[in-house]
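Here is the structure we will look at, set down as structure tokens.
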Amino acid sequence: MTHLTGQRALVTGGARGIGAAIVRRLAADGAAVAFTYVSSTAEAEALVAAVGADGGVAVALRADAGDAGQVTAAVQQAVTALGGLDILVNNAGVGVFGDVQSLPIDEFDRQVAVNVRGVFAATQAAIAHLGNGSRIINIGSVFADRMAVPGFAVYTLTKGAVAGFTRGLARELAPRGITINNVQPGPTATDMNPDEGELAEVLRTFIAQGRYGRPHEAAAVVSFLAGPDAGFVTGATWNVDGGYAA
């Protein structure tokens with residue numbers, strides 16, 4: 001028996017990177033996990049197979065996190081597939097590099113749609129299915145606290161919104177025994193954010209530990225917050241950043 005045995009979780013944007021690490025960790029800790037993806041079909045299928053090979057349960061659901069209707073439908077599909085819902089991890093996110101003066105408005109809209117509206121839509125749909133002891137965990141970014149290089153102002157805006165939403169909603173959900181917290185990874189090595197290259201070299205100089213994080217390190221914090229030992233933690237932001245914001 002592990003600390004999430006019998007729990008049912010939905011992870012948005014779970015086919016790759018930090019999301020996939022969260023799916024693996026929650027499943028390894030005993031939860032049955034559904035996750036959404038939008039275009040990474042091969043990665044989603046491979047993740048389902050890998051979790052199953054390890055004795056876990058994973059269900060892949062195709063849904064665009066920027067489409068509120070698809071997000072809402074995915075929540076219901078997860079509830080049907082898993083027989084209920086106890087944990088929601090709002091992980092799906094996009095980032096577009098560009099200065100505010102030249103950033104196309106549709107790129108702004110896309111980041112807000114996925115990073116903010118998608119979080120709201122998934123949370124709103126999930127709340128009806130969550131009971132006492134349930135968990136909502138948002139995956140923000142330490143960039144909401146400290147942005148060391150130019151070009152990410154809009155991304156930073158969206159992650160700041162996630163942090164504020166988390167604090168505000170904690171007050172609404174506490175009477176129902178539901179916690180909500182915000183995990184803010186620092187620069188983390190994924191295929192979309194490699195720890196090599198010009199940007200990585202610059203960002204590494206701001207990290208106290210001098211290295212990029214690994215997806216499993218953020219996933220470990222998510223697993224703790226999803227479990228029973230975190231029952232008195234809500235409305236909080238947890239930085240997993242190697243001292244980037246220190």
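Lettering and numbering for the structure tokens are positional, with chains as A, B, ... in the shown order, residues counted from 1 in each chain, and ligands counted from 1 in the shown order.
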Worksheet item: If you run DSSP on the backbone, which residues of region 5-224 of chain A are helix (DSSP H, G or I), as JSON, numbers by chain?
Response: {"A": [17, 18, 19, 20, 21, 22, 23, 24, 25, 26, 27, 28, 41, 42, 43, 44, 45, 46, 47, 48, 49, 50, 51, 52, 53, 68, 69, 70, 71, 72, 73, 74, 75, 76, 77, 78, 79, 80, 81, 82, 105, 106, 107, 108, 109, 110, 111, 112, 113, 114, 115, 116, 117, 118, 119, 120, 121, 122, 123, 124, 125, 126, 127, 142, 143, 144, 153, 154, 155, 156, 157, 158, 159, 160, 161, 162, 163, 164, 165, 166, 167, 168, 169, 170, 171, 172, 173, 174, 175, 176, 198, 199, 200, 201, 202, 203, 204, 215, 216, 217, 218, 219, 220, 221, 222, 223, 224]}
Contact check, region 131-204 of chain A to region 92-105 of chain A, at most 12 Å, counting only C-alpha atoms, closest pairs as JSON lines:
```
{"residue": "A:Ile137", "atom": "CA", "partner": "A:Ala92", "partner_atom": "CA", "distance": 11.8}
{"residue": "A:Asn138", "atom": "CA", "partner": "A:Ala92", "partner_atom": "CA", "distance": 9.3}
{"residue": "A:Ile139", "atom": "CA", "partner": "A:Ala92", "partner_atom": "CA", "distance": 8.0}
{"residue": "A:Gly140", "atom": "CA", "partner": "A:Gly93", "partner_atom": "CA", "distance": 8.7}
{"residue": "A:Ser141", "atom": "CA", "partner": "A:Gly93", "partner_atom": "CA", "distance": 10.0}
{"residue": "A:Phe143", "atom": "CA", "partner": "A:Gly95", "partner_atom": "CA", "distance": 11.4}
{"residue": "A:Val149", "atom": "CA", "partner": "A:Phe97", "partner_atom": "CA", "distance": 10.7}
{"residue": "A:Pro150", "atom": "CA", "partner": "A:Asp99", "partner_atom": "CA", "distance": 7.2}
{"residue": "A:Gly151", "atom": "CA", "partner": "A:Gly98", "partner_atom": "CA", "distance": 4.7}
{"residue": "A:Phe152", "atom": "CA", "partner": "A:Phe97", "partner_atom": "CA", "distance": 5.7}
{"residue": "A:Ala153", "atom": "CA", "partner": "A:Val100", "partner_atom": "CA", "distance": 7.1}
{"residue": "A:Val154", "atom": "CA", "partner": "A:Val100", "partner_atom": "CA", "distance": 7.5}
{"residue": "A:Tyr155", "atom": "CA", "partner": "A:Gly95", "partner_atom": "CA", "distance": 5.7}
{"residue": "A:Thr156", "atom": "CA", "partner": "A:Gly95", "partner_atom": "CA", "distance": 9.1}
{"residue": "A:Leu157", "atom": "CA", "partner": "A:Gly95", "partner_atom": "CA", "distance": 10.9}
{"residue": "A:Thr158", "atom": "CA", "partner": "A:Gly95", "partner_atom": "CA", "distance": 9.4}
{"residue": "A:Lys159", "atom": "CA", "partner": "A:Gly93", "partner_atom": "CA", "distance": 9.4}
{"residue": "A:Val162", "atom": "CA", "partner": "A:Gly93", "partner_atom": "CA", "distance": 11.0}
{"residue": "A:Met192", "atom": "CA", "partner": "A:Gly95", "partner_atom": "CA", "distance": 10.0}
{"residue": "A:Asn193", "atom": "CA", "partner": "A:Gly95", "partner_atom": "CA", "distance": 10.3}
{"residue": "A:Leu199", "atom": "CA", "partner": "A:Phe97", "partner_atom": "CA", "distance": 11.2}
```
Practice prompt. Between CA of Val221 (chain A) and CA of Met147 (chain A), measure the distance and give it in Å to one decimal.
Written response: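 Computed distance, CA of Val221 (chain A) to CA of Met147 (chain A), equals 22.2 Å.
Note that the spacing between CA of Thr205 (chain A) and CA of Val112 (chain A) amounts to 28.9 Å.
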Fill in: Surrounding residues of region 66-75 of chain A excluding itself and chain neighbours under 5 positions, 7 Å, only C-alpha atoms, as a list in words
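The contact residues come out as Leu61, Arg110, Ala113, Val114, Gly118, Ala121, Ala122, Ala125 and Ala126 of chain A.
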Atoms kept (all heavy atoms) for selection, written as an mmCIF file, in the first residue's frame:
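Result file result14.cif:
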```cif
data_model
loop_
_atom_site.group_PDB
_atom_site.id
_atom_site.type_symbol
_atom_site.label_atom_id
_atom_site.label_comp_id
_atom_site.auth_asym_id
_atom_site.auth_seq_id
_atom_site.Cartn_x
_atom_site.Cartn_y
_atom_site.Cartn_z
ATOM 1 N N LEU A 61 -6.488 10.924 -22.572
ATOM 2 C CA LEU A 61 -7.665 11.612 -23.096
ATOM 3 C C LEU A 61 -7.199 12.773 -23.963
ATOM 4 O O LEU A 61 -6.464 13.640 -23.497
ATOM 5 C CB LEU A 61 -8.520 12.155 -21.943
ATOM 6 C CG LEU A 61 -8.979 11.148 -20.884
ATOM 7 C CD1 LEU A 61 -9.610 11.877 -19.713
ATOM 8 C CD2 LEU A 61 -9.944 10.138 -21.488
ATOM 9 N N ARG A 110 -3.502 32.794 -26.837
ATOM 10 C CA ARG A 110 -3.260 31.366 -26.672
ATOM 11 C C ARG A 110 -2.670 31.070 -25.298
ATOM 12 O O ARG A 110 -3.077 30.121 -24.619
ATOM 13 C CB ARG A 110 -2.317 30.868 -27.776
ATOM 14 C CG ARG A 110 -1.933 29.384 -27.666
ATOM 15 C CD ARG A 110 -3.125 28.475 -27.832
ATOM 16 N NE ARG A 110 -2.750 27.065 -27.774
ATOM 17 C CZ ARG A 110 -3.610 26.063 -27.665
ATOM 18 N NH1 ARG A 110 -4.911 26.302 -27.643
ATOM 19 N NH2 ARG A 110 -3.193 24.820 -27.605
ATOM 20 N N ALA A 113 -5.391 31.489 -22.785
ATOM 21 C CA ALA A 113 -6.394 30.435 -22.929
ATOM 22 C C ALA A 113 -5.937 29.137 -22.271
ATOM 23 O O ALA A 113 -6.708 28.466 -21.573
ATOM 24 C CB ALA A 113 -6.702 30.195 -24.405
ATOM 25 N N VAL A 114 -4.691 28.758 -22.478
ATOM 26 C CA VAL A 114 -4.187 27.500 -21.918
ATOM 27 C C VAL A 114 -3.802 27.657 -20.458
ATOM 28 O O VAL A 114 -4.218 26.874 -19.594
ATOM 29 C CB VAL A 114 -2.979 26.995 -22.733
ATOM 30 C CG1 VAL A 114 -2.362 25.759 -22.071
ATOM 31 C CG2 VAL A 114 -3.386 26.669 -24.162
ATOM 32 N N GLY A 118 -7.789 27.617 -19.165
ATOM 33 C CA GLY A 118 -7.826 26.160 -19.064
ATOM 34 C C GLY A 118 -7.785 25.683 -17.623
ATOM 35 O O GLY A 118 -8.459 24.710 -17.257
ATOM 36 N N ALA A 121 -11.262 26.338 -16.239
ATOM 37 C CA ALA A 121 -12.266 25.416 -16.766
ATOM 38 C C ALA A 121 -12.137 24.037 -16.140
ATOM 39 O O ALA A 121 -13.142 23.413 -15.757
ATOM 40 C CB ALA A 121 -12.148 25.329 -18.281
ATOM 41 N N ALA A 122 -10.921 23.529 -16.026
ATOM 42 C CA ALA A 122 -10.722 22.205 -15.439
ATOM 43 C C ALA A 122 -11.111 22.199 -13.969
ATOM 44 O O ALA A 122 -11.765 21.262 -13.483
ATOM 45 C CB ALA A 122 -9.259 21.779 -15.598
ATOM 46 N N ALA A 125 -14.958 22.432 -13.539
ATOM 47 C CA ALA A 125 -15.616 21.162 -13.863
ATOM 48 C C ALA A 125 -15.331 20.095 -12.819
ATOM 49 O O ALA A 125 -16.194 19.262 -12.506
ATOM 50 C CB ALA A 125 -15.160 20.686 -15.245
ATOM 51 N N ALA A 126 -14.127 20.110 -12.257
ATOM 52 C CA ALA A 126 -13.738 19.061 -11.310
ATOM 53 C C ALA A 126 -14.385 19.225 -9.951
ATOM 54 O O ALA A 126 -14.663 18.226 -9.270
ATOM 55 C CB ALA A 126 -12.224 19.038 -11.162
#
```
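Distances here use only C-alpha atoms; by that measure, the residue among A:Val51, A:Ala189, A:Leu88, A:Ala148 closest to Ala128 (chain A) is A:Leu88.
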Fill in: Point-to-point distance from CA of Ala34 (chain A) to CA of Ser134 (chain A), Å rounded to tenths
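So the answer is 15.7 Å.
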Fill in: Selection: 6 Å around region 25-32 of chain A, only C-alpha atoms, excl. self and same-chain fewer than 3 positions, as a list in words
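Once the adjacent positions are removed, what remains is Thr2, Leu4, Thr5, Gly6, Gln7, Arg8, Ile22, Gly56 and Val57 of chain A.
Shortest atom-to-atom contact with Ile180 (chain A) among A:Val116, A:Ala245, A:Ile87, A:Ala65: A:Ile87, counting only C-alpha atoms.
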Hey, what's within 8 Å of region 212-216 of chain A if we count only C-alpha atoms and toss same-chain stuff fewer than 3 positions away? As a PDB file with N, CA and C atoms, in the first residue's frame, please?
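Saved result, out.pdb, follows:
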```pdb
ATOM      1  N   GLY A  17       7.283  15.754 -20.588  1.00  0.00           N
ATOM      2  CA  GLY A  17       7.933  16.634 -19.634  1.00  0.00           C
ATOM      3  C   GLY A  17       7.497  16.439 -18.197  1.00  0.00           C
ATOM      4  N   ILE A  18       7.278  17.558 -17.508  1.00  0.00           N
ATOM      5  CA  ILE A  18       6.879  17.505 -16.107  1.00  0.00           C
ATOM      6  C   ILE A  18       5.551  16.769 -15.954  1.00  0.00           C
ATOM      7  N   ALA A  21       6.073  13.074 -15.930  1.00  0.00           N
ATOM      8  CA  ALA A  21       6.700  12.663 -14.676  1.00  0.00           C
ATOM      9  C   ALA A  21       5.673  12.618 -13.543  1.00  0.00           C
ATOM     10  N   ILE A  22       4.734  13.560 -13.555  1.00  0.00           N
ATOM     11  CA  ILE A  22       3.671  13.571 -12.540  1.00  0.00           C
ATOM     12  C   ILE A  22       2.780  12.348 -12.696  1.00  0.00           C
ATOM     13  N   ARG A  25       4.646   9.349 -11.365  1.00  0.00           N
ATOM     14  CA  ARG A  25       4.807   9.343  -9.914  1.00  0.00           C
ATOM     15  C   ARG A  25       3.486   9.054  -9.203  1.00  0.00           C
ATOM     16  N   PRO A 185       7.773  25.164 -10.538  1.00  0.00           N
ATOM     17  CA  PRO A 185       9.100  24.698 -10.934  1.00  0.00           C
ATOM     18  C   PRO A 185       9.952  25.865 -11.429  1.00  0.00           C
ATOM     19  N   GLY A 186      11.242  25.746 -11.182  1.00  0.00           N
ATOM     20  CA  GLY A 186      12.191  26.643 -11.822  1.00  0.00           C
ATOM     21  C   GLY A 186      12.578  26.067 -13.169  1.00  0.00           C
ATOM     22  N   PRO A 187      13.643  26.571 -13.789  1.00  0.00           N
ATOM     23  CA  PRO A 187      14.105  25.996 -15.050  1.00  0.00           C
ATOM     24  C   PRO A 187      14.308  24.488 -14.899  1.00  0.00           C
ATOM     25  N   THR A 188      13.607  23.728 -15.712  1.00  0.00           N
ATOM     26  CA  THR A 188      13.585  22.271 -15.603  1.00  0.00           C
ATOM     27  C   THR A 188      13.870  21.657 -16.961  1.00  0.00           C
ATOM     28  N   ALA A 189      14.741  20.681 -16.995  1.00  0.00           N
ATOM     29  CA  ALA A 189      15.179  20.068 -18.250  1.00  0.00           C
ATOM     30  C   ALA A 189      14.094  19.176 -18.843  1.00  0.00           C
ATOM     31  N   THR A 190      13.536  19.601 -19.959  1.00  0.00           N
ATOM     32  CA  THR A 190      12.591  18.801 -20.734  1.00  0.00           C
ATOM     33  C   THR A 190      12.943  18.954 -22.207  1.00  0.00           C
ATOM     34  N   ASP A 195      18.382  21.830 -21.082  1.00  0.00           N
ATOM     35  CA  ASP A 195      19.338  22.460 -20.174  1.00  0.00           C
ATOM     36  C   ASP A 195      20.667  22.760 -20.862  1.00  0.00           C
ATOM     37  N   ARG A 204      21.036  29.367 -15.849  1.00  0.00           N
ATOM     38  CA  ARG A 204      21.764  28.563 -14.863  1.00  0.00           C
ATOM     39  C   ARG A 204      22.543  29.443 -13.889  1.00  0.00           C
ATOM     40  N   ILE A 207      20.544  30.169 -10.738  1.00  0.00           N
ATOM     41  CA  ILE A 207      20.090  29.048  -9.917  1.00  0.00           C
ATOM     42  C   ILE A 207      21.150  28.748  -8.864  1.00  0.00           C
ATOM     43  N   ALA A 219       7.591  16.403  -9.676  1.00  0.00           N
ATOM     44  CA  ALA A 219       6.556  15.382  -9.492  1.00  0.00           C
ATOM     45  C   ALA A 219       6.516  14.884  -8.052  1.00  0.00           C
ATOM     46  N   ALA A 220       7.662  14.820  -7.404  1.00  0.00           N
ATOM     47  CA  ALA A 220       7.702  14.357  -6.015  1.00  0.00           C
ATOM     48  C   ALA A 220       6.943  15.303  -5.095  1.00  0.00           C
ATOM     49  N   VAL A 240      10.006  24.849  -6.594  1.00  0.00           N
ATOM     50  CA  VAL A 240      10.908  23.708  -6.808  1.00  0.00           C
ATOM     51  C   VAL A 240      11.913  24.204  -7.848  1.00  0.00           C
ATOM     52  N   ASP A 241      12.876  25.011  -7.384  1.00  0.00           N
ATOM     53  CA  ASP A 241      13.647  25.835  -8.314  1.00  0.00           C
ATOM     54  C   ASP A 241      15.146  25.854  -8.070  1.00  0.00           C
ATOM     55  N   GLY A 242      15.631  25.022  -7.157  1.00  0.00           N
ATOM     56  CA  GLY A 242      17.059  24.998  -6.900  1.00  0.00           C
ATOM     57  C   GLY A 242      17.621  26.305  -6.396  1.00  0.00           C
TER      58      GLY A 242
END
```
Discussion item. Under the rule that only C-alpha atoms are counted, which of A:Val89, A:Val33, A:Gly84, A:Gly55 is the nearest residue to Gly13 (chain A)?
Written reply: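 Comparing A:Val89, A:Val33, A:Gly84, A:Gly55 against Gly13 (chain A), the winner is A:Val89.
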Practice prompt. Would you list, as a ChimeraX atom specification, the residues of region 112-178 of chain A that end up in strand (DSSP E or B) under DSSP run on this structure's backbone?
Written response: /A:135-139
Worksheet, complete the sentence: Between A:Val233, A:Val222, A:Ala161, A:Leu10, smallest distance to Gly177 (chain A) by only C-alpha atoms belongs to A:Val233
Worksheet, complete the sentence: Using only C-alpha atoms, the best pick from A:Gly231, A:Gly131, A:Gly19, A:Pro194 as closest to Ala44 (chain A) would be A:Gly19
Practice prompt. Would you mind listing what lies within 10 Å of Leu173 (chain A) as a PyMOL selection string, with only C-alpha atoms counted and same-chain residues fewer than 3 positions away left out?
Written response: chain A and resi 127+132+134-136+168-170+176-180+234-235
Discussion item. I want to know what sits within 9 Å of Gly243 (chain A), based on only C-alpha atoms, with residues of the same chain fewer than 4 positions away left out; could you give that as a list in words?
Written reply: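 Residues near the query, excluding close chain neighbours: Gly186, Phe206, Ile207, Ala208, Gln209, Gly210 and Asn239 of chain A.
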Practice prompt. Rank A:Gly164, A:Pro175, A:Gly52, A:Pro228 by their smallest atom-to-atom distance to Val23 (chain A), using only C-alpha atoms, and report the top residue only.
Written response: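 Of A:Gly164, A:Pro175, A:Gly52, A:Pro228, the one nearest Val23 (chain A) is A:Gly52, counting only C-alpha atoms.
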